[in-house]
Amino acid sequence: MNNKKQLEEWEELFGIEVKDKADLIEDNGQLQLNGKEWKKLPIDTKYFDEEFKWKLLVALSESNDLDEILDGVLIKSENWQALNLLLGKYREKIKTIYIDPPFNSKSSEILYKNNYKHSSWLCLMENRLALSKQFLNAKGVYVVSIDENEQEKLGLLIDSIFGDYQKTMISIIHNPSGIQGDNFSYTNEFAYFIYPIKGRVIYPEERTEETADIRQFMNTAKGDTVNYLRESGPNCFYPILVKNGQIVGFGDPLPLDIHPVSSNVVRKDGIVEVYPIDDEGVERKWVFSRQSVEKIKDELFVRYDLKKKKYIIMRSKKLINYKTVWTDTKYSAKRYGTLLIKQMGLGNFDFPKSMWTIYEIVKATMRYEIDTVVLDFFAGSGTTAHAVMKLNKEDAGKRKFILVEMADYFDTVIIPRIKKVAYSFNWKDGKPQEMDGIGVFFKYHTLEQYEDALENIEFEKPQKTPDEFTDYFVKYMLEWETKNSKTFLNLDEFKDPFNYKLKIIENYQPKTITVDVAETFNYLLGLHVKGYKTLEDNNRQYLFVFGEKEGRRIAIIWRSIKDIDFEKDKEVIEENIKDFKPDEIYINGDAVVKGFKPVEPLFKSLMFEKVE
């Protein structure tokens, strides 16, 4: 109740003024009475000190696997750098990658040199597509949105990178009113689905009762009728048993020399045997064989034709392959993108996708895989996270999202949007209309960028004359004068890992921040983090990280080694890792723990290794 900044954010985002504990409970009721519950108000640890953050993480990991309960990861960074950091941890673990890159239209074209507009865009896309392909698991699906400006070139690029995949392009009517051109009004954009050639990885669209595909279960196709007659599939000619207008069972296929007198044969017990015989008396087939009809029996129902005075077996097919043209009004980017963000109180945002577009993409690629991961490294306004949370709400899934974005709206739109959706899916004029959110547990990071690295370079004073300096600068400055610079990665500062400092540029101004080297190492190592433990002993702070990689249990220990008693240090470490029973132990700085591996050389090699 005393954290002013957190309280101010709750009031700003949700219009909720919290004065005491009762304000945190829905309807100000009691938690134990009448099914009342806590309001899903997100706590952001940036408003608290480091001690609170670690207490929270340690408490969560006492009875949970931290990476398992984590809903999402957000990274503020240029996406090439972010992908390289994430690869060690998420290689071949992503089910769906969805990206909405810059379309390179006049209103959203990328910055490029000279006149190489298309080649610059293709270069941007080629290296990111090739790198991110390594994230896909065996059934992984890659989806890329694009418009007419680069659609053809993107298709050829996909062929060159994903030659061992199937590629299907769909058209989405995202702007029904159209964008006026000289001769045509553009109403659609495209999405390339890239997926493994074998097996079903694009799940069928789920229709409602009103939109289901309803047709006769008897194969009524015309044309080459031989393929639809009884002789071509004897196992598809069997009676469907009907009583009192309901299907009560299925009979065995009839021998070819036995012919029912009609499509409806009434038995003495009142059951009607319905056969696939058309109005002309032609013996046809049911769509499914006797061996497989049980799988779809819930889709079958009986209709009585009063005119023909007979029962007809119908099928209401609710699961249908997605069409290659999406026309529903819910794909309108203006209504369910721009207006949706505005209604959430997040201001105006240029060119957001309809939430329902990405929702359907996620549903098509992950419907029955409720504990998988979506990666979006052109995150924009955060629509992918919104869509994942919406689908999880509907089927109690635990799908996770990873978003990467470098623009300032990472802080002003994406993070507030996820917090708002966690509280409510229904907003109007910036205010929640109900508390139907599902809550969320996510972490977000800011990565050092190229400009930050330059800010941290230390130069030696050159011993050159002014005339020699220009050529010298071009050829040797970064290579030679920075040879003793420790600011690319200052391993000496790992002796005090909780105070590793870095200079960054923020709002065009230099700023010094503390770097989370422990979390960085987790990513570089590709560690699945199970939990943390912190303690004070041996006159210093200890951080224990417990995790797994490739089936091996790994413990990582961080502490300051200034004026350390190494024998006492050994006792502290061994006592606190004995229950975990690690296969590998990493420790920063020096140590006398048996079999430990130093963090620093591995950190450096992973930090600067070349990604294949």
# chains A, B, ... in the order shown; residues from 1 in each chain; ligands from 1

$ residues_around --residues "A:Ile75" --least-positions-apart "4" --cutoff "8 Å" --atoms "only C-alpha atoms" --output "number ranges by chain"
A: 82, 402-405, 444-447

$ residues_around --residues "A:Phe442" --least-positions-apart "3" --cutoff "6 Å" --atoms "only C-alpha atoms" --output "VMD selection string"
chain A and resid 70 to 73

$ residues_around --residues "A:Trp80" --least-positions-apart "6" --cutoff "10 Å" --atoms "only C-alpha atoms" --output "list of chain:residue names"
A:Leu124, A:Asn127, A:Arg128, A:Leu131, A:Ser132, A:Phe377, A:Val404

$ write_last_selection --atoms "all heavy atoms" --output "mmCIF file, in the first residue's frame"
data_model
loop_
_atom_site.group_PDB
_atom_site.id
_atom_site.type_symbol
_atom_site.label_atom_id
_atom_site.label_comp_id
_atom_site.auth_asym_id
_atom_site.auth_seq_id
_atom_site.Cartn_x
_atom_site.Cartn_y
_atom_site.Cartn_z
ATOM 1 N N LEU A 124 17.420 -7.296 -45.222
ATOM 2 C CA LEU A 124 16.853 -7.253 -43.869
ATOM 3 C C LEU A 124 16.103 -8.541 -43.567
ATOM 4 O O LEU A 124 16.250 -9.141 -42.495
ATOM 5 C CB LEU A 124 15.905 -6.055 -43.746
ATOM 6 C CG LEU A 124 15.002 -6.022 -42.512
ATOM 7 C CD1 LEU A 124 15.770 -5.485 -41.316
ATOM 8 C CD2 LEU A 124 13.760 -5.171 -42.760
ATOM 9 N N ASN A 127 18.423 -12.437 -43.668
ATOM 10 C CA ASN A 127 19.205 -12.929 -42.531
ATOM 11 C C ASN A 127 18.329 -13.241 -41.323
ATOM 12 O O ASN A 127 18.611 -14.155 -40.553
ATOM 13 C CB ASN A 127 20.338 -11.950 -42.171
ATOM 14 C CG ASN A 127 19.885 -10.528 -41.994
ATOM 15 O OD1 ASN A 127 18.775 -10.277 -41.548
ATOM 16 N ND2 ASN A 127 20.744 -9.581 -42.356
ATOM 17 N N ARG A 128 17.232 -12.512 -41.175
ATOM 18 C CA ARG A 128 16.343 -12.777 -40.039
ATOM 19 C C ARG A 128 15.511 -14.039 -40.250
ATOM 20 O O ARG A 128 15.273 -14.795 -39.310
ATOM 21 C CB ARG A 128 15.453 -11.560 -39.783
ATOM 22 C CG ARG A 128 16.235 -10.424 -39.123
ATOM 23 C CD ARG A 128 15.614 -9.060 -39.342
ATOM 24 N NE ARG A 128 16.383 -8.027 -38.659
ATOM 25 C CZ ARG A 128 17.532 -7.518 -39.117
ATOM 26 N NH1 ARG A 128 18.040 -7.953 -40.256
ATOM 27 N NH2 ARG A 128 18.164 -6.583 -38.419
ATOM 28 N N LEU A 131 17.972 -17.028 -39.776
ATOM 29 C CA LEU A 131 18.311 -17.231 -38.362
ATOM 30 C C LEU A 131 17.123 -17.768 -37.584
ATOM 31 O O LEU A 131 17.238 -18.746 -36.825
ATOM 32 C CB LEU A 131 18.802 -15.915 -37.759
ATOM 33 C CG LEU A 131 19.103 -15.912 -36.260
ATOM 34 C CD1 LEU A 131 20.176 -16.949 -35.920
ATOM 35 C CD2 LEU A 131 19.547 -14.517 -35.810
ATOM 36 N N SER A 132 15.973 -17.159 -37.756
ATOM 37 C CA SER A 132 14.814 -17.545 -36.953
ATOM 38 C C SER A 132 14.262 -18.910 -37.339
ATOM 39 O O SER A 132 13.558 -19.548 -36.537
ATOM 40 C CB SER A 132 13.715 -16.487 -37.066
ATOM 41 O OG SER A 132 13.322 -16.290 -38.408
ATOM 42 N N PHE A 377 9.039 -11.308 -33.684
ATOM 43 C CA PHE A 377 10.163 -10.375 -33.505
ATOM 44 C C PHE A 377 9.989 -9.081 -34.297
ATOM 45 O O PHE A 377 10.934 -8.314 -34.449
ATOM 46 C CB PHE A 377 11.508 -11.052 -33.805
ATOM 47 C CG PHE A 377 11.629 -11.712 -35.136
ATOM 48 C CD1 PHE A 377 12.086 -10.997 -36.234
ATOM 49 C CD2 PHE A 377 11.326 -13.054 -35.298
ATOM 50 C CE1 PHE A 377 12.228 -11.607 -37.470
ATOM 51 C CE2 PHE A 377 11.465 -13.681 -36.535
ATOM 52 C CZ PHE A 377 11.913 -12.947 -37.623
ATOM 53 N N VAL A 404 9.590 -9.245 -29.568
ATOM 54 C CA VAL A 404 10.776 -8.396 -29.714
ATOM 55 C C VAL A 404 10.363 -7.135 -30.457
ATOM 56 O O VAL A 404 9.726 -7.207 -31.510
ATOM 57 C CB VAL A 404 11.903 -9.114 -30.486
ATOM 58 C CG1 VAL A 404 13.109 -8.191 -30.639
ATOM 59 C CG2 VAL A 404 12.300 -10.408 -29.792
#

$ closest_residue --among "A:Val592, A:Val362, A:Ala191, A:Ile25" --to "A:Met435" --atoms "only C-alpha atoms"
A:Ile25

$ residues_around --residues "stretch 521-535 of chain A" --least-positions-apart "5" --cutoff "7 Å" --atoms "only C-alpha atoms" --output "ChimeraX atom specification"
/A:57-58,61,65-67,85-86,88-89,541-549,603,606-607

$ residues_around --residues "A:Tyr368" --least-positions-apart "6" --cutoff "12 Å" --atoms "only C-alpha atoms" --output "list in words"
Lys95, Arg200, Val201, Ile202, Tyr203, Pro204, Val362, Leu391, Asn392, Asp395, Ala396, Gly397, Lys398 and Arg399 of chain A

$ closest_residue --among "A:Ser160, A:Ser354, A:Asn588, A:Asn137" --to "A:Leu339" --atoms "only C-alpha atoms"
A:Ser354

$ atom_distance --atom1 "atom CA of A:Leu319" --atom2 "atom CA of A:Ala212"
8.0 Å

$ residues_around --residues "A:Ile94" --least-positions-apart "3" --cutoff "12 Å" --atoms "only C-alpha atoms" --output "MDAnalysis selection string"
chainID A and resid 86:87 89:91 97:98 132:142 365:366 369 371:376 399:402

$ write_last_selection --atoms "C-alpha atoms" --output "short mmCIF file (atom, residue, chain, number, x, y, z; two decimals), in the first residue's frame"
data_model
loop_
_atom_site.label_atom_id
_atom_site.label_comp_id
_atom_site.auth_asym_id
_atom_site.auth_seq_id
_atom_site.Cartn_x
_atom_site.Cartn_y
_atom_site.Cartn_z
CA LEU A 86 17.37 -16.18 -27.61
CA LEU A 87 18.62 -18.91 -29.92
CA LYS A 89 17.49 -21.24 -25.16
CA TYR A 90 14.74 -21.63 -27.77
CA ARG A 91 16.40 -23.45 -30.66
CA ILE A 97 6.60 -17.79 -35.57
CA TYR A 98 4.45 -14.89 -36.71
CA SER A 132 14.81 -17.55 -36.95
CA LYS A 133 14.12 -20.74 -38.94
CA GLN A 134 16.35 -22.47 -36.39
CA PHE A 135 13.76 -21.75 -33.66
CA LEU A 136 11.06 -23.93 -35.24
CA ASN A 137 10.36 -27.37 -33.84
CA ALA A 138 9.60 -30.38 -36.06
CA LYS A 139 5.95 -29.31 -36.48
CA GLY A 140 6.67 -25.60 -36.43
CA VAL A 141 4.82 -23.14 -38.67
CA TYR A 142 6.15 -19.78 -39.88
CA THR A 365 -1.20 -23.44 -35.94
CA MET A 366 -1.54 -24.22 -32.21
CA GLU A 369 -1.02 -27.68 -28.53
CA ASP A 371 1.51 -25.39 -23.89
CA THR A 372 3.65 -24.27 -26.83
CA VAL A 373 5.37 -20.96 -27.68
CA VAL A 374 4.75 -18.16 -30.21
CA LEU A 375 7.61 -15.91 -31.33
CA ASP A 376 7.04 -12.48 -32.90
CA ARG A 399 0.63 -20.96 -24.63
CA LYS A 400 3.52 -18.55 -24.16
CA PHE A 401 4.61 -15.52 -26.19
CA ILE A 402 8.00 -14.02 -26.95
#

$ closest_residue --among "A:Thr45, A:Ser63, A:Gln291, A:Ser77" --to "A:Phe378" --atoms "only C-alpha atoms"
A:Ser77

$ select_by_dssp --residues "stretch 301-428 of chain A" --states "helix (DSSP H, G or I)" --output "PyMOL selection string"
chain A and resi 329-331+333-343+355-366+383-395+409-423

$ residues_around --residues "A:Lys578" --least-positions-apart "6" --cutoff "12 Å" --atoms "only C-alpha atoms" --output "ChimeraX atom specification"
/A:546,553-555,570-572,585

$ write_last_selection --atoms "C-alpha atoms" --output "PDB file, in the first residue's frame"
ATOM      1  CA  PHE A 546      18.900 -23.711 -10.543  1.00  0.00           C
ATOM      2  CA  ARG A 553      20.876 -30.272 -13.816  1.00  0.00           C
ATOM      3  CA  ILE A 554      22.851 -27.043 -13.587  1.00  0.00           C
ATOM      4  CA  ALA A 555      23.553 -24.747 -10.628  1.00  0.00           C
ATOM      5  CA  LYS A 570      32.804 -23.484  -0.233  1.00  0.00           C
ATOM      6  CA  GLU A 571      30.718 -24.461   2.795  1.00  0.00           C
ATOM      7  CA  VAL A 572      27.967 -21.992   1.885  1.00  0.00           C
ATOM      8  CA  ILE A 585      28.279 -26.135 -11.267  1.00  0.00           C
TER       9      ILE A 585
END

$ atom_distance --atom1 "atom CA of A:Ser424" --atom2 "atom CA of A:Asp436"
4.9 Å

$ atom_distance --atom1 "atom CA of A:Leu300" --atom2 "atom CA of A:Gln216"
9.3 Å

$ closest_residue --among "A:Ile271, A:Val593, A:Val517, A:Ile173" --to "A:Tyr331" --atoms "only C-alpha atoms"
A:Ile173

$ closest_residue --among "A:Gly181, A:Phe351, A:Ile194, A:Ile172" --to "A:Leu157" --atoms "only C-alpha atoms"
A:Ile194
